file structure-v7.cif (mmCIF, C-alpha atoms (C1' of nucleotides))
data_my_file
#
loop_
_atom_site.label_atom_id
_atom_site.label_comp_id
_atom_site.auth_asym_id
_atom_site.auth_seq_id
_atom_site.Cartn_x
_atom_site.Cartn_y
_atom_site.Cartn_z
CA MET A 1 -47.79 -8.98 7.25
CA ASN A 2 -47.58 -7.15 3.97
CA LYS A 3 -44.05 -6.09 3.41
CA LEU A 4 -43.23 -2.70 2.01
CA PRO A 5 -41.49 -2.74 -1.33
CA VAL A 6 -38.47 -0.46 -1.31
CA ILE A 7 -35.48 0.04 -3.54
CA ALA A 8 -32.00 0.22 -2.08
CA VAL A 9 -29.22 1.84 -4.09
CA VAL A 10 -25.79 1.20 -2.62
CA GLY A 11 -22.17 1.36 -3.66
CA ALA A 12 -18.95 3.21 -3.06
CA THR A 13 -18.64 6.94 -2.86
CA ALA A 14 -18.63 8.63 -6.27
CA SER A 15 -20.17 5.60 -7.93
CA GLY A 16 -23.27 7.49 -9.01
CA LYS A 17 -25.84 6.48 -6.41
CA THR A 18 -27.45 9.89 -6.27
CA ALA A 19 -28.25 10.07 -9.98
CA LEU A 20 -29.56 6.53 -10.12
CA ALA A 21 -31.73 6.96 -7.02
CA VAL A 22 -33.28 10.10 -8.46
CA GLY A 23 -33.84 8.35 -11.79
CA LEU A 24 -35.58 5.43 -10.12
CA ALA A 25 -37.63 7.71 -7.88
CA LYS A 26 -38.83 9.70 -10.85
CA TYR A 27 -39.79 6.56 -12.72
CA TYR A 28 -41.78 5.00 -9.92
CA GLY A 29 -42.94 8.08 -8.12
CA GLY A 30 -40.64 7.59 -5.18
CA GLU A 31 -38.86 9.61 -2.55
CA VAL A 32 -35.28 9.20 -1.50
CA ILE A 33 -34.19 8.29 1.99
CA SER A 34 -30.50 9.06 2.31
CA ALA A 35 -28.40 6.48 4.11
CA ASP A 36 -25.31 8.55 4.51
CA SER A 37 -23.84 9.26 7.92
CA MET A 38 -22.40 12.59 6.81
CA GLN A 39 -24.89 14.03 4.34
CA LEU A 40 -27.36 14.19 7.18
CA TYR A 41 -25.46 17.16 8.56
CA GLN A 42 -26.34 20.73 7.73
CA GLY A 43 -23.66 22.48 5.72
CA MET A 44 -20.66 20.37 4.72
CA ASP A 45 -22.26 20.50 1.29
CA ILE A 46 -19.15 20.29 -0.83
CA ALA A 47 -17.24 17.84 1.35
CA THR A 48 -20.07 15.31 1.51
CA ALA A 49 -20.96 15.75 -2.17
CA LYS A 50 -24.54 16.51 -1.31
CA PRO A 51 -26.83 16.62 -4.34
CA THR A 52 -27.81 20.08 -5.52
CA GLU A 53 -31.45 21.08 -6.03
CA GLU A 54 -30.90 20.55 -9.71
CA GLU A 55 -29.60 17.03 -9.14
CA LYS A 56 -32.50 16.20 -6.86
CA ALA A 57 -34.77 17.15 -9.75
CA GLY A 58 -37.78 17.75 -7.56
CA VAL A 59 -37.57 14.38 -5.82
CA PRO A 60 -37.95 14.79 -2.02
CA HIS A 61 -34.88 13.72 -0.06
CA HIS A 62 -35.18 12.60 3.54
CA LEU A 63 -32.57 12.42 6.27
CA MET A 64 -30.31 14.82 4.51
CA ASP A 65 -29.08 18.22 5.58
CA PHE A 66 -31.05 18.42 8.82
CA LEU A 67 -28.63 17.94 11.73
CA PRO A 68 -26.38 20.64 13.23
CA VAL A 69 -22.71 19.66 12.99
CA THR A 70 -22.43 20.15 16.73
CA GLU A 71 -24.64 17.15 17.30
CA SER A 72 -23.50 13.53 17.36
CA TYR A 73 -25.49 10.82 15.72
CA SER A 74 -25.76 7.04 15.79
CA VAL A 75 -27.14 4.08 13.88
CA ALA A 76 -29.92 3.75 16.42
CA ARG A 77 -31.13 7.27 15.77
CA TYR A 78 -30.80 6.75 12.04
CA VAL A 79 -32.93 3.62 12.01
CA ALA A 80 -35.67 5.29 14.03
CA ALA A 81 -35.71 8.37 11.82
CA ALA A 82 -35.53 6.41 8.58
CA ASN A 83 -38.42 4.20 9.60
CA ALA A 84 -40.49 7.29 10.29
CA ALA A 85 -39.55 8.70 6.90
CA ALA A 86 -40.48 5.44 5.19
CA ASP A 87 -43.89 5.48 6.89
CA LEU A 88 -44.48 9.00 5.70
CA ILE A 89 -43.49 8.18 2.14
CA VAL A 90 -45.67 5.09 2.04
CA SER A 91 -48.60 7.01 3.49
CA ARG A 92 -48.34 9.27 0.44
CA GLY A 93 -48.50 6.25 -1.79
CA HIS A 94 -44.88 6.66 -2.80
CA ILE A 95 -42.02 4.21 -2.88
CA PRO A 96 -39.02 4.74 -0.60
CA VAL A 97 -35.69 4.65 -2.40
CA ILE A 98 -32.93 4.17 0.14
CA ALA A 99 -29.69 5.50 -1.24
CA GLY A 100 -26.39 5.77 0.49
CA GLY A 101 -22.96 4.48 1.17
CA THR A 102 -23.14 3.91 4.90
CA GLY A 103 -23.53 0.16 4.86
CA LEU A 104 -24.21 -0.13 8.55
CA TYR A 105 -27.14 2.27 8.28
CA VAL A 106 -28.67 0.61 5.24
CA ASP A 107 -28.37 -2.89 6.66
CA SER A 108 -29.64 -1.92 10.09
CA LEU A 109 -32.67 -0.27 8.58
CA LEU A 110 -33.60 -2.90 6.05
CA ASP A 111 -32.85 -5.87 8.28
CA ASN A 112 -34.80 -4.21 11.05
CA ILE A 113 -32.08 -4.38 13.65
CA LEU A 114 -33.55 -3.64 17.06
CA PHE A 115 -31.80 -0.96 19.06
CA GLU A 116 -33.20 -1.14 22.57
CA ASP A 117 -33.19 1.83 24.87
CA GLU A 118 -30.16 2.06 27.03
CA PRO A 119 -29.71 3.89 30.29
CA ASP A 120 -27.64 7.04 30.10
CA ASN A 121 -24.12 5.84 29.50
CA ALA A 122 -21.76 8.80 29.73
CA ALA A 123 -20.45 7.93 33.18
CA VAL A 124 -19.78 4.28 32.39
CA ARG A 125 -18.03 5.15 29.17
CA GLU A 126 -15.90 7.75 30.91
CA ALA A 127 -14.92 5.29 33.60
CA LEU A 128 -13.90 2.74 30.98
CA LYS A 129 -11.84 5.31 29.10
CA GLN A 130 -10.16 6.17 32.35
CA ARG A 131 -9.34 2.55 33.02
CA ARG A 132 -7.94 2.17 29.51
CA GLU A 133 -5.48 4.92 30.39
CA THR A 134 -4.43 3.47 33.70
CA GLU A 135 -4.72 -0.30 33.17
CA GLY A 136 -4.24 -0.48 29.43
CA ILE A 137 -6.42 -2.03 26.78
CA GLY A 138 -4.99 -5.50 27.45
CA ALA A 139 -6.51 -5.63 30.91
CA LEU A 140 -9.90 -4.52 29.61
CA PHE A 141 -9.76 -7.07 26.83
CA ALA A 142 -8.96 -9.78 29.36
CA GLU A 143 -11.98 -8.67 31.32
CA LEU A 144 -14.15 -8.90 28.23
CA GLU A 145 -12.85 -12.41 27.64
CA ARG A 146 -14.17 -13.29 31.10
CA VAL A 147 -17.61 -11.71 30.87
CA ASP A 148 -18.32 -12.15 27.16
CA PRO A 149 -15.94 -14.64 25.58
CA GLU A 150 -18.07 -14.82 22.46
CA THR A 151 -17.61 -11.15 21.63
CA ALA A 152 -14.00 -11.15 22.75
CA SER A 153 -13.21 -13.95 20.32
CA GLN A 154 -14.53 -11.81 17.47
CA LEU A 155 -12.59 -8.70 18.38
CA HIS A 156 -8.95 -7.81 18.09
CA VAL A 157 -7.38 -6.33 21.23
CA ASN A 158 -6.28 -3.26 19.31
CA ASN A 159 -9.82 -2.40 18.35
CA GLU A 160 -10.29 -0.29 21.44
CA ASN A 161 -13.58 1.26 20.36
CA ARG A 162 -15.31 -2.08 20.16
CA VAL A 163 -13.73 -3.58 23.23
CA LEU A 164 -14.82 -0.57 25.24
CA ARG A 165 -18.28 -0.61 23.75
CA ALA A 166 -18.74 -4.30 24.56
CA LEU A 167 -17.80 -3.72 28.18
CA GLU A 168 -19.94 -0.61 28.32
CA VAL A 169 -23.01 -2.55 27.23
CA TYR A 170 -22.28 -5.26 29.74
CA TYR A 171 -21.95 -2.89 32.68
CA LEU A 172 -24.89 -0.79 31.56
CA THR A 173 -27.38 -3.56 31.05
CA GLY A 174 -25.96 -6.55 32.88
CA GLU A 175 -26.27 -8.39 29.60
CA THR A 176 -23.56 -9.24 27.11
CA ILE A 177 -23.50 -7.53 23.76
CA SER A 178 -23.65 -10.94 22.09
CA GLU A 179 -26.98 -11.70 23.78
CA ARG A 180 -28.34 -8.35 22.70
CA ARG A 181 -27.06 -8.84 19.19
CA ARG A 182 -28.97 -12.09 18.93
CA ARG A 183 -32.16 -10.50 20.21
CA SER A 184 -31.75 -7.54 17.85
CA ARG A 185 -32.28 -9.77 14.85
CA MET A 186 -35.38 -11.56 15.99
CA ARG A 187 -38.00 -9.24 14.56
CA GLU A 188 -38.60 -9.80 10.90
CA SER A 189 -38.11 -6.78 8.68
CA CYS A 190 -41.17 -5.03 7.33
CA PHE A 191 -39.30 -4.08 4.18
CA ASP A 192 -39.11 -6.04 0.98
CA PRO A 193 -36.17 -4.45 -0.78
CA VAL A 194 -34.65 -4.84 -4.20
CA TRP A 195 -30.95 -4.15 -3.79
CA ILE A 196 -29.01 -2.46 -6.54
CA GLY A 197 -25.27 -1.93 -6.22
CA LEU A 198 -23.10 0.30 -8.35
CA ASP A 199 -19.50 -0.60 -9.02
CA TYR A 200 -16.81 -0.70 -11.67
CA ARG A 201 -15.16 -3.84 -12.93
CA ASP A 202 -12.02 -1.75 -13.33
CA ARG A 203 -11.33 -0.26 -9.91
CA GLN A 204 -9.10 2.36 -11.48
CA LEU A 205 -12.12 3.95 -13.16
CA LEU A 206 -13.71 4.49 -9.76
CA TYR A 207 -10.49 5.95 -8.41
CA ASP A 208 -10.21 8.27 -11.40
CA ARG A 209 -13.73 9.48 -10.69
CA ILE A 210 -12.85 10.05 -7.05
CA ASP A 211 -9.74 12.02 -7.97
CA ARG A 212 -11.69 14.16 -10.37
CA ARG A 213 -14.42 14.78 -7.85
CA VAL A 214 -11.93 15.94 -5.23
CA ASP A 215 -10.38 18.34 -7.74
CA ASP A 216 -13.87 19.56 -8.47
CA MET A 217 -14.58 20.06 -4.76
CA MET A 218 -11.46 22.17 -4.45
CA ALA A 219 -12.57 24.25 -7.41
CA ARG A 220 -15.96 24.75 -5.81
CA GLY A 221 -14.55 26.10 -2.59
CA LEU A 222 -13.81 23.20 -0.28
CA LEU A 223 -11.08 25.20 1.45
CA LYS A 224 -13.49 27.95 2.36
CA GLU A 225 -16.05 25.44 3.57
CA ALA A 226 -13.41 23.77 5.73
CA GLU A 227 -12.36 27.08 7.24
CA ASP A 228 -15.95 27.83 8.15
CA TYR A 229 -16.31 24.38 9.63
CA TYR A 230 -13.27 24.79 11.85
CA ARG A 231 -14.74 27.94 13.29
CA LEU A 232 -17.47 25.87 14.92
CA PRO A 233 -17.20 23.58 17.91
CA GLN A 234 -16.66 20.08 16.60
CA ALA A 235 -18.87 17.17 17.46
CA ALA A 236 -17.59 13.62 17.36
CA THR A 237 -19.54 12.35 14.39
CA ALA A 238 -19.14 15.21 11.93
CA SER A 239 -15.44 15.53 12.65
CA GLN A 240 -14.92 12.06 11.21
CA ALA A 241 -15.99 13.20 7.77
CA ILE A 242 -13.44 12.92 5.00
CA GLY A 243 -12.72 16.35 3.65
CA TYR A 244 -11.78 18.76 6.40
CA LYS A 245 -9.48 16.70 8.55
CA GLU A 246 -7.23 15.94 5.58
CA LEU A 247 -6.95 19.67 4.92
CA LYS A 248 -6.14 20.52 8.53
CA PRO A 249 -2.35 19.99 8.22
CA PHE A 250 -2.37 22.47 5.35
CA PHE A 251 -4.18 25.08 7.45
CA ASP A 252 -1.67 24.45 10.20
CA GLY A 253 1.11 25.12 7.71
CA VAL A 254 2.58 21.66 8.05
CA ILE A 255 2.16 20.49 4.45
CA PRO A 256 1.71 22.16 1.07
CA PRO A 257 -1.77 22.26 -0.45
CA GLU A 258 -1.05 19.71 -3.18
CA GLU A 259 -0.08 17.19 -0.55
CA ALA A 260 -3.25 17.81 1.42
CA VAL A 261 -5.31 17.27 -1.71
CA GLU A 262 -3.41 14.07 -2.46
CA ASN A 263 -4.10 12.82 1.08
CA LEU A 264 -7.75 13.67 0.67
CA LYS A 265 -7.96 11.67 -2.53
CA ARG A 266 -6.23 8.72 -0.93
CA ALA A 267 -8.50 8.80 2.11
CA THR A 268 -11.50 8.82 -0.19
CA ARG A 269 -10.15 5.89 -2.23
CA ARG A 270 -9.64 3.86 0.90
CA TYR A 271 -13.09 4.71 2.10
CA ALA A 272 -14.51 3.52 -1.21
CA LYS A 273 -12.65 0.25 -0.84
CA ARG A 274 -14.04 -0.31 2.64
CA GLN A 275 -17.54 0.39 1.39
CA LEU A 276 -17.13 -2.19 -1.35
CA THR A 277 -15.87 -4.71 1.17
CA TRP A 278 -18.99 -4.14 3.22
CA PHE A 279 -21.45 -4.45 0.36
CA ARG A 280 -19.69 -7.31 -1.37
CA LYS A 281 -20.79 -9.79 1.27
CA ASN A 282 -24.44 -8.91 0.71
CA ASP A 283 -25.56 -11.47 -1.82
CA ARG A 284 -28.97 -9.88 -2.28
CA ILE A 285 -27.40 -7.04 -4.23
CA HIS A 286 -27.82 -6.92 -8.00
CA TRP A 287 -24.58 -5.36 -9.14
CA ILE A 288 -24.42 -2.98 -12.06
CA PHE A 289 -20.95 -2.43 -13.42
CA ARG A 290 -20.67 1.04 -14.82
CA ASP A 291 -17.54 0.72 -16.94
CA GLY A 292 -18.13 2.70 -20.09
CA LYS A 293 -21.89 3.00 -19.68
CA THR A 294 -23.97 6.17 -19.84
CA GLU A 295 -26.34 7.28 -17.07
CA ASP A 296 -29.25 6.26 -19.26
CA GLU A 297 -27.89 2.78 -19.81
CA ILE A 298 -27.34 2.38 -16.09
CA LEU A 299 -30.86 3.50 -15.27
CA ALA A 300 -32.21 1.11 -17.88
CA GLU A 301 -30.23 -1.73 -16.37
CA ALA A 302 -31.50 -0.89 -12.90
CA LEU A 303 -35.07 -0.69 -14.15
CA ALA A 304 -34.69 -4.11 -15.70
CA VAL A 305 -33.86 -5.41 -12.23
CA THR A 306 -36.70 -3.66 -10.43
CA GLU A 307 -39.21 -4.57 -13.11
CA ALA A 308 -38.15 -8.20 -13.05
CA SER A 309 -38.82 -8.28 -9.32
CA GLY A 310 -42.46 -7.49 -10.06
CA LYS A 311 -42.75 -5.57 -6.81
CA TYR A 312 -43.39 -2.11 -8.11
CA SER A 313 -46.00 -0.46 -10.23
CA ARG A 314 -45.06 2.58 -12.18
CA GLY A 315 -46.33 6.03 -11.37
CA GLY A 316 -46.83 6.13 -7.63
CA ALA A 317 -49.28 8.84 -6.61
"C1'" G B 1 35.00 10.43 -26.22
"C1'" G B 2 37.01 10.33 -20.77
"C1'" U B 3 36.27 9.77 -15.46
"C1'" G B 4 33.21 8.58 -11.41
"C1'" A B 5 28.74 7.06 -8.88
"C1'" C B 6 24.51 4.22 -8.91
"C1'" A B 7 21.19 -0.10 -10.55
"C1'" U B 8 17.05 -4.16 -4.71
"C1'" A B 9 8.73 -4.91 -5.19
"C1'" G B 10 4.48 -0.15 -8.79
"C1'" C B 11 7.41 4.00 -5.97
"C1'" C B 12 11.04 5.43 -1.98
"C1'" A B 13 14.61 2.56 0.38
"C1'" A B 14 17.94 -0.55 4.32
"C1'" G B 15 21.25 -4.21 3.73
"C1'" U B 16 29.33 -4.56 2.27
"C1'" G B 17 30.00 -12.58 2.53
"C1'" G B 18 25.69 -16.35 6.23
"C1'" U B 19 20.27 -17.16 3.40
"C1'" A B 20 16.24 -9.93 1.27
"C1'" A B 21 14.45 -4.40 7.10
"C1'" G B 22 11.08 -0.52 6.79
"C1'" G B 23 7.84 3.18 4.56
"C1'" C B 24 4.37 4.62 0.71
"C1'" A B 25 0.98 3.05 -3.07
"C1'" G B 26 -2.13 -1.22 -3.75
"C1'" A B 27 -5.08 -5.75 -2.48
"C1'" G B 28 -8.18 -8.76 0.85
"C1'" G B 29 -11.02 -8.81 5.34
"C1'" U B 30 -13.77 -7.60 10.25
"C1'" C B 31 -17.96 -4.78 11.70
"C1'" U B 32 -24.97 -3.86 15.96
"C1'" G B 33 -25.56 2.91 19.58
"C1'" C B 34 -19.06 8.02 16.79
"C1'" A B 35 -19.18 3.52 10.83
"C1'" A B 36 -16.56 9.01 5.66
"C1'" A B 37 -14.79 5.92 12.11
"C1'" A B 38 -12.07 1.93 14.29
"C1'" C B 39 -9.43 -2.54 13.57
"C1'" C B 40 -6.87 -7.05 11.21
"C1'" U B 41 -4.07 -9.64 7.25
"C1'" C B 42 -0.95 -9.70 2.65
"C1'" G B 43 3.86 -8.35 -1.53
"C1'" A B 44 10.83 -9.93 -3.99
"C1'" U B 45 12.14 -18.45 -4.13
"C1'" U B 46 15.28 -13.21 -5.32
"C1'" C B 47 18.51 -7.97 -5.65
"C1'" C B 48 19.77 -5.06 -14.20
"C1'" C B 49 22.23 -9.16 -17.46
"C1'" C B 50 26.35 -12.80 -18.29
"C1'" G B 51 30.53 -15.19 -16.31
"C1'" G B 52 34.00 -15.99 -12.17
"C1'" U B 53 35.84 -16.51 -6.81
"C1'" U B 54 33.71 -19.03 -2.35
"C1'" C B 55 31.01 -24.25 1.57
"C1'" A B 56 28.02 -19.72 1.01
"C1'" A B 57 27.29 -13.64 -3.23
"C1'" A B 58 22.27 -8.44 -3.38
"C1'" U B 59 27.07 -7.97 -1.09
"C1'" C B 60 33.79 -9.61 -3.78
"C1'" C B 61 36.13 -9.81 -9.10
"C1'" G B 62 35.67 -9.36 -14.69
"C1'" G B 63 32.64 -8.10 -18.85
"C1'" G B 64 28.04 -6.10 -20.78
"C1'" U B 65 23.68 -2.84 -20.54
"C1'" G B 66 21.15 1.35 -18.48
"C1'" U B 67 20.71 5.94 -15.57
"C1'" C B 68 22.90 10.15 -13.41
"C1'" A B 69 26.97 13.55 -12.41
"C1'" C B 70 31.36 15.85 -13.76
"C1'" C B 71 35.20 16.60 -17.50
"C1'" U B 72 36.59 17.30 -22.77
#
call {"tool": "encode", "arguments": {"input": "structure-v7.cif", "output": "structure tokens"}}
result
Amino acid sequence: MNKLPVIAVVGATASGKTALAVGLAKYYGGEVISADSMQLYQGMDIATAKPTEEEKAGVPHHLMDFLPVTESYSVARYVAAANAAADLIVSRGHIPVIAGGTGLYVDSLLDNILFEDEPDNAAVREALKQRRETEGIGALFAELERVDPETASQLHVNNENRVLRALEVYYLTGETISERRRRSRMRESCFDPVWIGLDYRDRQLLYDRIDRRVDDMMARGLLKEAEDYYRLPQAATASQAIGYKELKPFFDGVIPPEEAVENLKRATRRYAKRQLTWFRKNDRIHWIFRDGKTEDEILAEALAVTEASGKYSRGGA
RNA sequence: GGUGACAUAGCCAAGUGGUAAGGCAGAGGUCUGCAAAACCUCGAUUCCCCGGUUCAAAUCCGGGUGUCACCU
């Protein structure tokens, strides 16, 4: 099988993925597939730091700004949609540039994780939630230890989401989540990616950038955007976004605005740290450390990596 | 100049003779259908400095330094 050459641009929030992805796409004649669990929502433009038309510079962006905030999403849906987008891009003779900070999405796509169809699960999940209330998480964890000791040994009791999910899969399919996990990795990926990661040697520089970007978001009307958002019914996925929920206590009159902004910055810093933890273990990534470099220098460094791989020819269509 | 209070981790801070709580910030990590979520782990061989009392001192005593408050 001929694998599809793709470029993956990853890194923490505010590390400059958008600009680099666009730069690479322009150089090779590529199109961007966003791998961001929040930028895929419609609206939420300021909070999710969605690129403007100007920043996109004419490069088509897929899986961005298409889903109503009232709708929930999942990795499984992402992988299916991103594969379709990649097919489309390749059929045009272009190169897919996957760019985003949602590590789970990027990895699942590029490693071709198989998400099998599951029967409708609402009832089972509800029943489990009910039991968590009445019996407590300890009892459910003990049950998981019985039916799927392998998964139980990898989970902490307090991680209720995962414990519940593991039991849900078991009751839904009659199969343990560990068995399914094994099977999900058996198909070889059809992608042949070059991974480029953006980071700073000096973490403080990243944090400074984050702080500045939050201030900038406030200046551009984040409060207004949040107010509009709270007028809508909230779906599970979108409500997890960093941006509005940190401002909520201010709207409720519980804390002063400066404190809400400070909390927002801190939440973003912590998010960035978690992203780095995720990507750090991926040893296929060629890291570019931005400290003190210009956008041009960073693009040049990235191009040196992609060119050295010998996988791409310039120009595209 | 005088009087008094205080000095504990990057910050806030408990501890008044028995071997340094807690919170925040920060760091490291886990991750397969809500992942910008959820979850786990980690800071003081030492309490401003010097000396003394005591089996034992962050805790008591003396001196020094610093900060703050009030007075002149």
call {"tool": "resolve_selection", "arguments": {"input": "structure-v7.cif", "expression": "the PyMOL selection byres ((chain A) within 7 of (chain B))", "output": "VMD selection string"}}
result
chain A and resid 38 74 to 76 104 156 158 to 159 161 181 236 to 237 240 to 242 271
call {"tool": "resolve_selection", "arguments": {"input": "structure-v7.cif", "expression": "the PyMOL selection byres ((chain B and resi 47-62) around 9)", "output": "MDAnalysis selection string"}}
result
chainID B and resid 7:8 15:20 44 46 63:66
call {"tool": "write_last_selection", "arguments": {"input": "structure-v7.cif", "atoms": "C-alpha atoms (C1' of nucleotides)", "output": "PDB file, in the coordinates of the input"}}
result
ATOM      1  C1'   A B   7      21.190  -0.100 -10.550  1.00  0.00           C
ATOM      2  C1'   U B   8      17.050  -4.160  -4.710  1.00  0.00           C
ATOM      3  C1'   G B  15      21.250  -4.210   3.730  1.00  0.00           C
ATOM      4  C1'   U B  16      29.330  -4.560   2.270  1.00  0.00           C
ATOM      5  C1'   G B  17      30.000 -12.580   2.530  1.00  0.00           C
ATOM      6  C1'   G B  18      25.690 -16.350   6.230  1.00  0.00           C
ATOM      7  C1'   U B  19      20.270 -17.160   3.400  1.00  0.00           C
ATOM      8  C1'   A B  20      16.240  -9.930   1.270  1.00  0.00           C
ATOM      9  C1'   A B  44      10.830  -9.930  -3.990  1.00  0.00           C
ATOM     10  C1'   U B  46      15.280 -13.210  -5.320  1.00  0.00           C
ATOM     11  C1'   G B  63      32.640  -8.100 -18.850  1.00  0.00           C
ATOM     12  C1'   G B  64      28.040  -6.100 -20.780  1.00  0.00           C
ATOM     13  C1'   U B  65      23.680  -2.840 -20.540  1.00  0.00           C
ATOM     14  C1'   G B  66      21.150   1.350 -18.480  1.00  0.00           C
TER      15        G B  66
END
call {"tool": "resolve_selection", "arguments": {"input": "structure-v7.cif", "expression": "the PyMOL selection byres ((chain A and resi 205) around 12)", "output": "PyMOL selection string"}}
result
chain A and resi 14-15+199-204+206-212+269+289-293
call {"tool": "closest_residue", "arguments": {"input": "structure-v7.cif", "among": "A:Lys311, A:Leu198, A:Val163, A:Glu179", "to": "Thr18 of chain A", "atoms": "only C-alpha atoms"}}
result
A:Leu198
call {"tool": "residues_around", "arguments": {"input": "structure-v7.cif", "residues": "Glu225 of chain A", "least_positions_apart": "3", "cutoff": "9 Å", "atoms": "only C-alpha atoms (C1' of nucleotides)", "output": "list of chain:residue names"}}
result
A:Gly43, A:Met44, A:Asp45, A:Ile46, A:Ala47, A:Gly221, A:Leu222, A:Asp228, A:Tyr229, A:Tyr230, A:Tyr244
call {"tool": "atom_distance", "arguments": {"input": "structure-v7.cif", "atom1": "atom CA of Gly11 of chain A", "atom2": "atom CA of Glu258 of chain A"}}
result
28.0 Å
call {"tool": "closest_residue", "arguments": {"input": "structure-v7.cif", "among": "A:Ala19, A:Val6, A:Gly243, A:Gly310", "to": "Leu264 of chain A", "atoms": "all atoms listed in the file"}}
result
A:Gly243
call {"tool": "residues_near_point", "arguments": {"input": "structure-v7.cif", "point": "(-6.1, -6.4, 25.9)", "cutoff": "9 Å", "atoms": "all atoms listed in the file", "output": "list of chain:residue names"}}
result
A:Gly136, A:Ile137, A:Gly138, A:Ala139, A:Leu140, A:Phe141, A:Ala142, A:Glu143, A:Leu144, A:His156, A:Val157, A:Asn158, A:Glu160, A:Val163
call {"tool": "atom_distance", "arguments": {"input": "structure-v7.cif", "atom1": "atom CA of Gly253 of chain A", "atom2": "atom C1' of A13 of chain B"}}
result
27.3 Å
call {"tool": "atom_distance", "arguments": {"input": "structure-v7.cif", "atom1": "atom CA of Arg231 of chain A", "atom2": "atom CA of Thr48 of chain A"}}
result
18.1 Å
call {"tool": "residues_around", "arguments": {"input": "structure-v7.cif", "residues": "G4 of chain B", "least_positions_apart": "6", "cutoff": "12 Å", "atoms": "all atoms listed in the file", "output": "PyMOL selection string"}}
result
chain B and resi 68-71
call {"tool": "residues_around", "arguments": {"input": "structure-v7.cif", "residues": "Arg185 of chain A", "least_positions_apart": "3", "cutoff": "10 Å", "atoms": "all atoms listed in the file", "output": "PyMOL selection string"}}
result
(chain A and resi 108+111-115+180-182+188-189) or (chain B and resi 32)
call {"tool": "closest_residue", "arguments": {"input": "structure-v7.cif", "among": "A:Glu259, A:Glu133, A:Glu116, A:Glu54", "to": "Val79 of chain A", "atoms": "only C-alpha atoms"}}
result
A:Glu116
call {"tool": "closest_residue", "arguments": {"input": "structure-v7.cif", "among": "A:Ala12, A:Gln130, A:Arg187, A:Trp195", "to": "Leu303 of chain A", "atoms": "only C-alpha atoms"}}
result
A:Trp195
